[in-house]
Every structure is written in C-alpha cells, then in structure tokens.
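S.K.: Pasting in a structure now, in structure tokens, and then I'll have a few things to ask.
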Amino acid sequence: MQFRLLGPVEVVINDKPVAIAASRQQIALTLLLLEAGHVVSVDRIVDALWGDEPPRTARSQVQITVSALRRLLGESVIVTQLPGYMIKAPPEGIDLACFEKLTASGTKAVAEQRIPDALSDLRAALALWRGPALEGLQSEVIRSAATRLDELRISAYQDCLELELQLGRHQEIIGELTELVAEHPLNERFRGQLMLTLYRGGRQADALETFRAGREVLQEELGLDPCPELCRLEQAILTRDPEIDLPGLRPSVGLTGLLGKAAATPVPRQLPRTIADFTGREEILAKISLIVSGEDKSDDPPEVPVVVLTGRGGMGKTSLAVRAAHLLSSGFPDGQLFLQHRPDMPNSSVSLVEHLLRSLGVHSGMMPPDLEGRMAMYRSVLAGLRVLVVIDGAQRKNDIVPFLPGTSGCAAIVTCGQHVTELEGVHQIQVGPLDDQSANGLLRTLVGERRVSAEPDAARELIQLCEGIPLAMRIVAAKLRVRPHWPISHMVRQLQDETRRLDELDFKGTGIRATIAMAYDSLDKSARCLFRRLSLVGTADFASWVGAPLLDTDIEDAEYMLQQLVAAHLVEATVREDEVVRFHLHDLVRIYAAERCGEDESTADRLDAMRRLLRCWLFVATSARRRIYGGDFAVLHGTAEH
C-alpha cells in the first residue's frame with residue numbers, strides 16, 4: 001500500500017490506484033497521513049473538514065468518514081485511539097516520509113563532504129514530487145500544510161542546485177533553473193543561481209538581464225530592491241570577478257559564500273527596549289537573576305537554566321522578561337536572541353528556528369530542511385557560546401523546546417500563557433498582580449503625583465477595580481492622561497458598571513478582553529463551555545464538583561476541564577486553612593465569561609445548567625442537615641426538584 005501526498009493525493013494498493021471520490025474522505029485521510037504514527041484528535045479532523053462552522057453532527061460524520069476509509073483501506077489501517085484516530089502506515093509507504101528521509105540523508109552527506117551522494121539523495125527526493133503538494137483539497141488546514149511542504153520542496157531544489165554548481169555542472173542545470181525562476185519570480189536564491197550559471201556558461205549579458213528582470217519584478221510586486229547578496233553578485237559579474245569563475249568551495253555555501261565577500265555577522269542584540277516606567281517585581285527579578293546566573297543553590301542546578309514566567313494575560317510577563325534580560329545581558333557577551341510567538345502571525349517551528357539560525361549568521365543554504373535537523377544545527381551553533389534566549393508568548397511545550405539551547409553557558413527566559421507541566425528541569429514562576437504599594441507607585445508614575453495625592457481613596461479603588469493588573473492600569477492611566485479634566489473618581493464610576501468595565505479597559509485596540517479571549521480560545525470545546533457556565537454560579541468561590549451539573553457530565557470529566565481552566569489562569573485555586581481546595585473567577589474574568597455565556601449559550605441551555613446545579617446544591621444542603629440534625633420526618637416536604 002502506497003500513499004502519495006507530494007502532488008494530488010493518491011492511494012495505490014497492489015500497484016492499482018484506489019479511487020477516493022469523497023472530498024471529506026480525502027481530507028481526513030490526508031490529515032491522518034500528515035501525522036502518520038501519531039493520534040489525530042476528532043476536533044482537529046472537524047476543523048480540517050468544516051473550519052469554524054462545523055455542523056451539529058460533525059463528530060458523527062467524522063465517524064462515518066473514517067468507517068468509509070476503513071472499508072477502502074482495510075479495518076486495521078486506521079485505529080481508534082483517544083482522543084481520535086491514528087493511521088498505521090510504514091514510512092516507506094508514504095512518499096512524504098521517503099522525501100524527508102532522503103533530504104535528511106542528503107544533509108548528512110553534505111556535512112561529511114560526500115557531495116555526489118548528497119546530490120543522489122536530493123535528486124531522488126525531488127523525483128517523488130508529481131506537482132504541488134496535496135493539490136486540489138479545499139481545506140484551510142490542509143492548504144496550510146501544503147504550503148509548508150511546497151516550501152520544503154523549494155528548499156531541497158535550492159540545496160540540490162547549489163551542489164550542482166559546486167561540481168561545475170552549470171550547463172546541465174540552465175534549463176531547470178530557467179523554469180524555476182519563471183515559476184518563482186520572487187525567489188532571489190533561484191535567480192542568483194541562474195545568474196551564476198549563465199555567467200559561467202559564457203553568457204554575461206543574459207546573467208545581467210536576469211538580474212534586471214528580477215529587480216523590476218521585486219519593485220513592481222513588493223516595492224523592494226534586490227537583496228545585498230544578489231547586488232554583490234551583479235557587481236561581480238559586471239567586473240568579471242575571478243572569485244565566481246570556478247567552484248572549489250566548501251560544501252553547502254550560499255551565494256554570499258560563492259562571492260567570498262560575506263560580511264562578518266554582528267553579535268545579535270535583539271532585545272526590545274525596556275519600558276521606562278517599569279515598576280515593582282523586585283523579588284521576581286532577583287529570583288530570575290539567581291537562576292539564570294547559576295547562583296541559585298536551592299537544588300541541583302540544570303545545565304542550561306530556563307525560567308518560565310506564567311500568569312494571566314496583562315500581568316506584564318513580556319515586560320518583566322525583557323527587563324530581566326537587559327539586566328543580565330552583560331553576562332551573555334555572545335548575544336541575546338528574542339523570539340516572539342504571535343497568534344495573529346502563526347509560524348511553524350521550522351521557520352522560527354531558521355530565523356534564529358539566520359540571526360546567528362547561518363545561511364539558509366546550510367540549513368537542513370526538517371525541524372530536527374535545524375534544532376540540532378541551532379544547538380551546535382550555540383555550543384561554546386554565552387547567549388541568552390528570550391521566548392515570548394508561548395502557549396505549549398512545542399512553542400518552547402525547539403528553541404532552547406543545549407549546552408552550558410547559555411540560558412533562556414520564557415513567557416507562557418499557561419502553566420506547562422510537561423517541561424522538566426525548568427523554574428516556573430507565576431507572575432501575579434502588582435502589590436498595593438507597587439500598583440500605587442505605577443499609578444503615580446503614569447497619572448501624576450498630584451492627581452493621585454488629591455484622591456487617595458479613589459486611587460485605591462481604581463487599583464482594586466483593575467485588580468492590580470499592569471495592563472489594565474496602563475489603559476485607565478492613558479485615558480486619564482488624555483482627559484486631564486477627569487478626576488480619578490470619575491474613572492472609578494465608569495469602571496463600577498460591570499456591563500461597561502471591559503469596554504473601559506480598552507484603549508486603541510489594546511485591552512483586557514483580548515488577553516482573556518486569547519486564553520479562552522486556546523481551550524478545547526468542553527472547557528470553553530464550562531468556563532462560560534461558571535459565570536452562572538454566582539458565589540464567591542465554589543468546589544470542583546460544580547462543573548459536573550453545569551456540563552451534565554461525571555465529576556472526573558468536569559474536574560479535568562476545570563484543571564484546564566486553572567492551567568490557563570482563567571480560574572484560580574486556593575487552599576483554605578482546613579486544606580480544602582476552592583476555586584473562583586476574578587471579576588474581570590467572570591465578566592468576560594458572562595459575556596460569552598450570553599452570546600454563545602441559548603437561554604434553554606443556561607436554564608438547564610442552573611436547574612442541574614440547584615438540584616445538586618439542594619441535595620448537598622439536605623444531606624448536611626441530616627448529618628447534623630438526623631431525620632427530618634416531622635417536616636412537610638414540597639415537590640420541588642432535588
């Protein structure tokens with residue numbers, strides 16, 4: 001059985017193609033093959049099939065789709081494994097796995113200076129392609145994966161042609177490069193390779209015309225000039241620089257290496273500026289300094305110190321990480337790297353590691369195409385250096401691990417919206433609200449000493465309504481600064497109205513609602529439902545079992561969902577003196593939950609959830625009374641539900 005993804009999706013059994021006419025079956029099968037050997041959740045399949053608008057019967061339709069695939073491929077090929085399905089297909093039966101294996105082998109051969117072997121592997125890998133990856137499938141999830149695969153193909157072509165140039169085979173690849181430049185007119189590496197190939201073939205004028213055409217395309221399409229490497233190559237062709245006449249260079253160099261004029265890579269100093277009015281956090285800064293500098297002797301220090309700052313959105317984790325990194329920068333003379341995960345601009349780990357390698361002076365032509373290879377190269381480049389890596393905006397383990405250094409001398413500071421339990425050997429520090437003194441000091445810095453001193457009671461209430469969250473305080477301070485005629489008490493009155501509070505805590509598109517929404521969107525469907533319905537509870541705190549009646553599920557499932565909310569810092573757990581654990585929502589989070597509940601839950605669903613919860617409360621109250629007072633047989637009972 002052969003599965004082909006590098007082109008239109010095909011299945012071949014016993015050398016005969018198997019027709020999979022239904023688009024849903026094609027999409028589901030493709031998703032399983034992209035994650036071959038790993039479980040793909042039902043929710044991910046639903047997203048691939050219907051995006052943001054799945055039908056109510058989506059999960060049952062997924063089951064029907066998988067059943068149809070099993071009839072075509074065999075019952076044992078796709079197995080059910082919570083929380084979804086996994087395809088059992090050997091790597092040699094999937095062309096994508098074969099491509100990845102061959103390109104990795106070619107990269108290894110280059111490192112060992114076995115250029116003919118590397119070329120053989122890369123040519124074999126490229127021969128597997130039959131067209132654009134996953135061609136014809138209409139799914140946003142699949143198209144995103146297809147884009148990534150097509151980029152891997154381009155990277156393999158670039159590396160392969162670079163090696164052909166090193167072996168002096170310029171005449172053999174002119175036609176191939178001409179087609180690639182026509183197909184990818186904005187790809188400057190292909191254009192540079194074609195220019196060099198034409199020049200070495202005695203066609204100097206054609207090489208210069210290729211540069212001119214590329215410059216026109218870049219200016220028309222993007223308003224940009226060619227990259228410095230391409231400009232240097234044009235100059236070398238104009239002056240007939242002897243350094244570009246013959247290959248004979250070390251393996252896997254890029255165009256900069258071919259020119260022999262690569263500028264020295266500057267030491268990366270990528271930290272954003274620290275905010276001038278940074279206030280408080282002295283205890284956390286001191287703790288970070290002890291850990292990162294290796295002076296923390298409280299337990300066995302790790303080889304590479306890693307500090308993970310977690311906490312609710314708006315707590316200033318990024319500002320704190322940047323501040324700490326600036327204070328520690330003198331201890332890392334080989335540079336400070338800054339990597340930011342942004343939900344509005346998602347990037348694959350492969351491209352993010354490439355960004356880090358480029359920052360360290362590695363040309364893209366030297367980079368392996370796969371994530372594992374690039375991670376290994378990244379750690380190798382950092383070995384022996386003293387570099388501080390700051391990773392901002394992580395949400396899960398996979399947003400952190402690929403970017404951590406591997407040898408002593410380096411360190412990392414990470415900000416993460418959730419508590420990451422899977423990471424070992426890291427120091428996790430929860431960043432909470434500012435204490436009253438720091439919050440008051442920040443307000444005085446932002447609004448002015450005079451205004452705060454004139455209304456100390458209003459200032460204290462303002463801090464309470466903002467819950468000591470730095471982002472919230474900066475927003476209200478910005479509004480007070482642009483309205484110097486407003487007393488602080490006026491802003492307090494605006495915030496006291498819960499129906500308007502989240503609107504007031506928004507300024508020019510930055511707000512508390514967006515930070516809570518980011519954490520909310522990271523939850524799975526059931527956890528989001530529990531979060532919304534917790535706004536119905538209406539008590540200062542609650543026990544873990546309340547999720548069961550709200551979701552109409554068993555206590556174990558409800559507690560699992562509740563722990564997701566705790567990890568996302570949407571629900572806070574506290575342990576009382578009697579060691580009983582209670583949970584609560586902060587006011588701003590509760591207000592957001594109520595908003596979502598009103599928007600996303602029907603009136604009938606809300607009433608049903610409240611009825612189930614009230615029945616449970618009545619049962620608990622009745623049981624407690626009986627334990628304390630015994631039977632209540634003399635009491636006349638009503639017919640209300642219990």
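Chain labels run A, B, ... following the order of the structure tokens; each chain numbers its residues from 1, and ligands are numbered from 1 in the order shown.
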Determine, counting only C-alpha atoms, which protein, DNA and RNA residues have an atom within 12 Å of an atom of Pro487 of chain A; residues of the same chain fewer than 3 positions away are not included. Present the result as a CSV table (one decimal) with N, CA and C atoms, in the first residue's frame.
M.R.:
```
chain,number,residue,atom,x,y,z
A,447,VAL,N,0.0,58.7,36.0
A,447,VAL,CA,-1.0,59.7,36.0
A,447,VAL,C,-0.5,61.0,36.6
A,448,GLY,N,0.4,60.9,37.5
A,448,GLY,CA,1.0,62.1,38.2
A,448,GLY,C,0.8,62.1,39.7
A,450,ARG,N,0.3,64.6,41.7
A,450,ARG,CA,-0.7,65.5,42.2
A,450,ARG,C,-2.1,64.9,42.2
A,451,ARG,N,-2.4,64.2,41.0
A,451,ARG,CA,-3.8,63.7,40.9
A,451,ARG,C,-4.1,62.5,41.9
A,452,VAL,N,-3.0,61.7,42.1
A,452,VAL,CA,-3.2,60.6,43.0
A,452,VAL,C,-3.3,61.0,44.4
A,453,SER,N,-2.5,62.0,44.8
A,453,SER,CA,-2.5,62.5,46.2
A,453,SER,C,-3.8,63.3,46.5
A,454,ALA,N,-4.4,63.8,45.4
A,454,ALA,CA,-5.6,64.6,45.7
A,454,ALA,C,-6.8,63.6,45.9
A,455,GLU,N,-6.7,62.4,45.4
A,455,GLU,CA,-7.8,61.4,45.6
A,455,GLU,C,-7.3,60.1,46.0
A,456,PRO,N,-6.7,59.9,47.2
A,456,PRO,CA,-6.1,58.6,47.6
A,456,PRO,C,-7.1,57.5,47.6
A,457,ASP,N,-8.3,57.8,48.1
A,457,ASP,CA,-9.3,56.7,48.2
A,457,ASP,C,-9.8,56.2,46.9
A,458,ALA,N,-10.0,57.2,46.0
A,458,ALA,CA,-10.4,56.8,44.6
A,458,ALA,C,-9.3,56.0,43.9
A,459,ALA,N,-8.0,56.4,44.2
A,459,ALA,CA,-6.9,55.7,43.6
A,459,ALA,C,-6.8,54.3,44.0
A,462,LEU,N,-9.6,52.4,42.3
A,462,LEU,CA,-9.2,52.2,40.9
A,462,LEU,C,-8.3,51.0,40.8
A,476,VAL,N,-6.3,52.6,31.9
A,476,VAL,CA,-7.0,53.7,32.5
A,476,VAL,C,-6.1,54.9,32.7
A,477,ALA,N,-4.8,54.7,32.9
A,477,ALA,CA,-3.9,55.8,33.1
A,477,ALA,C,-3.8,56.6,31.7
A,479,LYS,N,-6.2,56.8,29.5
A,479,LYS,CA,-7.4,57.6,29.3
A,479,LYS,C,-7.4,58.8,30.2
A,480,LEU,N,-6.9,58.7,31.4
A,480,LEU,CA,-6.9,59.8,32.3
A,480,LEU,C,-5.9,60.9,31.8
A,481,ARG,N,-4.8,60.5,31.2
A,481,ARG,CA,-3.8,61.4,30.6
A,481,ARG,C,-4.4,62.3,29.5
A,483,ARG,N,-7.5,62.9,29.2
A,483,ARG,CA,-8.6,63.6,29.7
A,483,ARG,C,-8.2,64.3,31.1
A,484,PRO,N,-7.3,65.3,31.0
A,484,PRO,CA,-6.8,65.8,32.3
A,484,PRO,C,-7.9,66.5,33.2
A,490,HIS,N,-14.1,59.9,38.7
A,490,HIS,CA,-14.9,59.7,37.5
A,490,HIS,C,-14.6,58.4,36.8
A,491,MET,N,-13.3,58.1,36.7
A,491,MET,CA,-12.9,56.8,36.0
A,491,MET,C,-13.4,55.6,36.9
A,492,VAL,N,-13.4,55.8,38.2
A,492,VAL,CA,-13.9,54.7,39.1
A,492,VAL,C,-15.3,54.5,38.9
A,493,ARG,N,-16.1,55.5,38.7
A,493,ARG,CA,-17.6,55.3,38.5
A,493,ARG,C,-17.8,54.6,37.1
A,494,GLN,N,-17.0,54.9,36.2
A,494,GLN,CA,-17.1,54.2,34.9
A,494,GLN,C,-16.8,52.8,35.0
```
S.K.: Any chance you could list, as a ChimeraX atom specification, the residues in segment 202-399 of chain A that come up strand (DSSP E) when DSSP is run on the backbone?
M.R.: /A:306-310,336-340,388-394
S.K.: Excluding same-chain residues fewer than 4 positions from segment 77-83 of chain A, what lies within 9 Å of it counting only C-alpha atoms, as an MDAnalysis selection string?
M.R.: chainID A and resid 32 39:43 66 69:70 73 87:89
S.K.: Please identify all polymer residues within 12 Å of Pro470 of chain A, counting only C-alpha atoms, omitting same-chain residues fewer than 4 positions from it, and present them as a PyMOL selection string.
M.R.: chain A and resi 277-281+312-320+431-436+438-443+446+463-466+474-477+505+511-512
S.K.: Taking only C-alpha atoms into account, name the residue in A:Leu5, A:Asp506, A:Val217, A:Arg200 that is nearest to Arg130 of chain A.
M.R.: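 Of A:Leu5, A:Asp506, A:Val217, A:Arg200, the one nearest Arg130 of chain A, counting only C-alpha atoms, is A:Leu5.
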S.K.: Could you list, as a tab-separated table (two decimals) with N, CA and C atoms, in the first residue's frame, every residue within 10 Å of segment 189-191 of chain A, counting only C-alpha atoms and ignoring same-chain residues fewer than 6 positions away?
M.R.:
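File part31.tsv, as written:
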```tsv
chain	number	residue	atom	x	y	z
A	154	ILE	N	11.00	23.56	-2.37
A	154	ILE	CA	11.83	24.66	-2.87
A	154	ILE	C	13.20	24.63	-2.21
A	155	SER	N	13.20	24.42	-0.89
A	155	SER	CA	14.47	24.37	-0.17
A	155	SER	C	15.36	23.24	-0.68
A	157	TYR	N	15.28	21.91	-3.70
A	157	TYR	CA	15.77	22.32	-5.02
A	157	TYR	C	16.96	23.27	-4.91
A	158	GLN	N	16.84	24.25	-4.01
A	158	GLN	CA	17.92	25.22	-3.85
A	158	GLN	C	19.21	24.55	-3.42
A	161	LEU	N	20.66	22.37	-6.37
A	161	LEU	CA	21.28	23.16	-7.43
A	161	LEU	C	22.56	23.82	-6.96
A	162	GLU	N	22.62	24.16	-5.67
A	162	GLU	CA	23.85	24.72	-5.12
A	162	GLU	C	25.00	23.71	-5.25
A	177	LEU	N	16.93	25.69	-14.03
A	177	LEU	CA	16.86	26.94	-13.27
A	177	LEU	C	15.99	27.99	-13.97
A	178	THR	N	16.02	28.02	-15.28
A	178	THR	CA	15.18	28.97	-16.02
A	178	THR	C	13.71	28.72	-15.71
A	179	GLU	N	13.30	27.45	-15.69
A	179	GLU	CA	11.91	27.11	-15.37
A	179	GLU	C	11.57	27.49	-13.93
A	180	LEU	N	12.49	27.24	-13.01
A	180	LEU	CA	12.23	27.54	-11.60
A	180	LEU	C	12.11	29.05	-11.36
A	181	VAL	N	12.93	29.84	-12.02
A	181	VAL	CA	12.84	31.30	-11.88
A	181	VAL	C	11.52	31.80	-12.45
A	182	ALA	N	11.09	31.24	-13.57
A	182	ALA	CA	9.80	31.63	-14.15
A	182	ALA	C	8.65	31.27	-13.22
A	197	THR	N	24.97	30.60	-13.07
A	197	THR	CA	25.03	29.53	-14.08
A	197	THR	C	25.23	30.12	-15.48
A	207	ALA	N	23.06	36.92	-17.93
A	207	ALA	CA	23.09	36.93	-16.47
A	207	ALA	C	22.67	38.29	-15.93
A	210	THR	N	18.99	38.85	-16.38
A	210	THR	CA	18.23	38.11	-15.36
A	210	THR	C	18.13	38.92	-14.08
A	211	PHE	N	19.22	39.59	-13.71
A	211	PHE	CA	19.20	40.45	-12.52
A	211	PHE	C	18.25	41.63	-12.73
A	213	ALA	N	15.66	41.90	-14.73
A	213	ALA	CA	14.26	41.44	-14.71
A	213	ALA	C	13.80	41.17	-13.27
A	214	GLY	N	14.67	40.59	-12.48
A	214	GLY	CA	14.31	40.32	-11.08
A	214	GLY	C	14.08	41.59	-10.29
A	227	CYS	N	18.13	41.82	-2.77
A	227	CYS	CA	18.89	41.67	-1.53
A	227	CYS	C	20.37	42.00	-1.78
A	229	GLU	N	23.05	40.33	-1.30
A	229	GLU	CA	23.81	39.24	-1.91
A	229	GLU	C	23.66	39.25	-3.42
A	230	LEU	N	22.41	39.47	-3.88
A	230	LEU	CA	22.17	39.48	-5.31
A	230	LEU	C	22.85	40.70	-5.96
A	254	GLY	N	26.22	29.35	0.49
A	254	GLY	CA	25.21	30.06	-0.26
A	254	GLY	C	25.84	31.03	-1.23
A	255	LEU	N	25.04	31.93	-1.80
A	255	LEU	CA	25.58	32.89	-2.76
A	255	LEU	C	26.59	33.82	-2.12
A	364	SER	N	20.80	30.27	4.77
A	364	SER	CA	19.71	29.30	4.59
A	364	SER	C	20.15	28.08	3.79
A	365	GLY	N	21.15	28.25	2.92
A	365	GLY	CA	21.62	27.11	2.14
A	365	GLY	C	22.30	26.05	2.97
```
S.K.: Tell me, counting only C-alpha atoms, for each residue of segment 135-248 of chain A within 7 Å of segment 113-126 of chain A, which pair of atoms is nearest and how far apart they are in Å to one decimal, in rows ordered by chain and increasing number, as a tab-separated table.
M.R.:
```
residue	atom	partner	partner_atom	distance
A:Ala156	CA	A:Leu122	CA	6.7
A:Cys160	CA	A:Leu122	CA	6.1
A:Leu163	CA	A:Leu119	CA	6.9
```
S.K.: Let me see the file: selected residues, N, CA and C atoms, as a PDB file, in the first residue's frame.
M.R.:
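Resulting contents of out12.pdb:
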```
ATOM      1  N   ALA A 156      14.762  22.081  -0.949  1.00  0.00           N
ATOM      2  CA  ALA A 156      15.543  20.952  -1.467  1.00  0.00           C
ATOM      3  C   ALA A 156      16.102  21.268  -2.857  1.00  0.00           C
ATOM      4  N   CYS A 160      20.030  21.397  -3.788  1.00  0.00           N
ATOM      5  CA  CYS A 160      20.497  20.498  -4.844  1.00  0.00           C
ATOM      6  C   CYS A 160      21.239  21.275  -5.932  1.00  0.00           C
ATOM      7  N   LEU A 163      24.672  22.444  -4.971  1.00  0.00           N
ATOM      8  CA  LEU A 163      25.694  21.398  -5.065  1.00  0.00           C
ATOM      9  C   LEU A 163      26.097  21.158  -6.516  1.00  0.00           C
TER      10      LEU A 163
END
```
